[in-house]
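What follows is a set of notes on a single structure, which appears directly below.
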Amino acid sequence: MERVVVDLVEPPSRWRPDVIYRSSLDVVVLVAAAADVLTGPVGVWLSIGDDYPAALAARDLKTLSHLVTLAEAVLDGPPATDAVDLVGALLDGGPVTTDSPAGVLREAYSLPVPPRPVALWRRTGDHLVGAGVTLDQVGEGASRYAAITPAAG
C-alpha cells in the first residue's frame, strides 16, 4: 500500500486520481471546484487546530464526499488522534456525544452521511496511521508514504 501526497499552490492543470491533495490554500474548495474533471477517487490533507476544528473538518468532508469520489482524508495537527475519532463519529451520522481536546459535542448529528466510506488517517511524525495500517514516509520530503509496519494500538 502506498499513498502519494501532492502539495498544491494553485489548481493543477491535470488532476490525478488516487492522490491525497494538500495545500496552504483551502484544499476542500480547490478539490470541490475540480469535481467535473476528477476521474477517480482522491483524498485531502486537512490541518486541524484552533482555526479549523475537527467538527468543521467533518462538515467539509461530508460536503466534499457528495461532490467528488472522496476516498480518504489525512488529519494533521496536535489534536489529530482525537480529531480522527470525532470526525469518524460525525461521518457515521451520529448521535455523537464527546468531550475531548478535539471538541465537545452533546447528542450532535451531522447528516447526510457520505455516500461511501471515507478512510481517515492521522499524521504522527513521519507516519500516517489509520485503518489498522501505518504508512511510513519514504523518499525525500513528505510526498510518498508506504506500508512498512502494522499499526500500533
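Following the order of the C-alpha cells, first chain is A, next is B, and so on, with residues numbered from 1 inside each chain and ligands from 1 in the order they appear.
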
Which residues of region 3-45 of chain A sit at most 12 Å from region 97-121 of chain A, using only C-alpha atoms? Give each one's shortest atom pair and distance in Å (one decimal place), in chain and ascending residue order, as JSON lines.
{"residue": "A:Arg3", "atom": "CA", "partner": "A:Trp121", "partner_atom": "CA", "distance": 11.1}
{"residue": "A:Ile20", "atom": "CA", "partner": "A:Trp121", "partner_atom": "CA", "distance": 10.9}
{"residue": "A:Pro41", "atom": "CA", "partner": "A:Val118", "partner_atom": "CA", "distance": 10.4}
{"residue": "A:Val42", "atom": "CA", "partner": "A:Val118", "partner_atom": "CA", "distance": 10.2}
{"residue": "A:Gly43", "atom": "CA", "partner": "A:Val118", "partner_atom": "CA", "distance": 8.8}
{"residue": "A:Val44", "atom": "CA", "partner": "A:Leu120", "partner_atom": "CA", "distance": 9.9}
{"residue": "A:Trp45", "atom": "CA", "partner": "A:Trp121", "partner_atom": "CA", "distance": 9.1}

Check the DSSP output for the backbone and give back, as a VMD selection string, the residues of chain A in strand (DSSP E or B).
chain A and resid 2 to 8 19 to 23 42 to 47 49 52 70 to 76 96 to 100 103 to 108 119 to 124 127 to 130 133 to 137 144 to 150

Can you measure CA of Pro11 (chain A) to CA of Lys62 (chain A) for me? One decimal in Å is fine.
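About the pair CA of Pro11 (chain A) and CA of Lys62 (chain A): they are 21.3 Å apart.
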
Which of region 16-135 of chain A end up as helix (DSSP H, G or I) when DSSP is run on this backbone - answer as a PyMOL selection string?
chain A and resi 27-33+54-65+80-91

Those same residues, written as a CSV table (one decimal), in the first residue's frame with C-alpha atoms?
chain,number,residue,atom,x,y,z
A,27,VAL,CA,-7.9,22.3,-0.3
A,28,VAL,CA,-11.5,21.4,0.1
A,29,VAL,CA,-12.6,24.3,-2.1
A,30,LEU,CA,-9.8,23.5,-4.7
A,31,VAL,CA,-10.9,19.8,-4.9
A,32,ALA,CA,-14.6,20.7,-5.0
A,33,ALA,CA,-14.0,23.2,-7.8
A,54,ALA,CA,-12.5,18.7,13.8
A,55,ALA,CA,-16.2,19.4,13.6
A,56,LEU,CA,-15.7,21.8,10.7
A,57,ALA,CA,-13.4,19.3,9.0
A,58,ALA,CA,-16.2,16.7,9.3
A,59,ARG,CA,-18.7,19.1,7.7
A,60,ASP,CA,-16.3,19.8,4.9
A,61,LEU,CA,-15.5,16.1,4.3
A,62,LYS,CA,-19.2,15.3,4.2
A,63,THR,CA,-19.9,18.1,1.7
A,64,LEU,CA,-16.9,17.1,-0.4
A,65,SER,CA,-17.9,13.4,-0.4
A,80,ALA,CA,-5.1,14.6,15.2
A,81,THR,CA,-5.7,11.5,17.2
A,82,ASP,CA,-8.8,12.9,18.9
A,83,ALA,CA,-9.8,14.5,15.7
A,84,VAL,CA,-9.9,11.2,13.8
A,85,ASP,CA,-12.2,9.8,16.4
A,86,LEU,CA,-14.5,12.8,16.4
A,87,VAL,CA,-14.6,13.2,12.6
A,88,GLY,CA,-15.2,9.4,12.2
A,89,ALA,CA,-18.1,9.6,14.6
A,90,LEU,CA,-19.6,12.6,12.8
A,91,LEU,CA,-19.2,10.9,9.4

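Here CA of Glu10 (chain A) stands at a distance of 18.5 Å from CA of Val68 (chain A).
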
note - CA of Val74 (chain A) and CA of Val133 (chain A) are separated by 13.2 Å

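Restricting the calculation to only C-alpha atoms, the smallest distance between His127 (chain A) and any of A:His66, A:Glu2, A:Pro79, A:Val19 is found for A:Glu2.
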
Between A:Met1, A:Val96, A:Ala71, A:Ala131, which has the minimum distance to Ala147 (chain A) (counting only C-alpha atoms)?
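Ranked by minimum distance to Ala147 (chain A), first place goes to A:Met1.
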
Surrounding residues of Arg144 (chain A) excluding itself and chain neighbours under 2 positions, 6 Å, only C-alpha atoms, as a list in words
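That gives Arg3, Val4, Gln137, Val138 and Ala142 of chain A.
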
Save out the residues we just selected, N, CA and C atoms, as an mmCIF file, in the first residue's frame.
data_model
loop_
_atom_site.group_PDB
_atom_site.id
_atom_site.type_symbol
_atom_site.label_atom_id
_atom_site.label_comp_id
_atom_site.auth_asym_id
_atom_site.auth_seq_id
_atom_site.Cartn_x
_atom_site.Cartn_y
_atom_site.Cartn_z
ATOM 1 N N ARG A 3 0.695 5.745 -0.650
ATOM 2 C CA ARG A 3 -0.076 6.958 -0.871
ATOM 3 C C ARG A 3 0.871 8.053 -1.337
ATOM 4 N N VAL A 4 0.439 8.802 -2.337
ATOM 5 C CA VAL A 4 1.191 9.943 -2.840
ATOM 6 C C VAL A 4 0.475 11.199 -2.383
ATOM 7 N N GLN A 137 6.782 7.504 5.981
ATOM 8 C CA GLN A 137 7.253 8.423 4.958
ATOM 9 C C GLN A 137 8.493 7.819 4.312
ATOM 10 N N VAL A 138 8.520 7.809 2.985
ATOM 11 C CA VAL A 138 9.669 7.277 2.267
ATOM 12 C C VAL A 138 10.147 8.317 1.262
ATOM 13 N N ALA A 142 7.807 15.019 2.081
ATOM 14 C CA ALA A 142 6.620 14.312 2.585
ATOM 15 C C ALA A 142 5.697 13.960 1.436
#

Hey, which of A:Thr39, A:Leu128, A:Ser143, A:Pro53 ends up closest to Asp7 (chain A)? Count only C-alpha atoms.
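Closest candidate: A:Ser143.
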
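Among the candidates A:Pro17, A:Pro95, A:Gly130, A:Gly125, the one nearest to Thr69 (chain A) when counting only C-alpha atoms is A:Pro17.
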
Given only C-alpha atoms as the counted atoms, nearest of A:Val5, A:Leu135, A:Ala35, A:Ala146 to Ser23 (chain A)
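Checking each of A:Val5, A:Leu135, A:Ala35, A:Ala146 against Ser23 (chain A), counting only C-alpha atoms, the winner is A:Val5.
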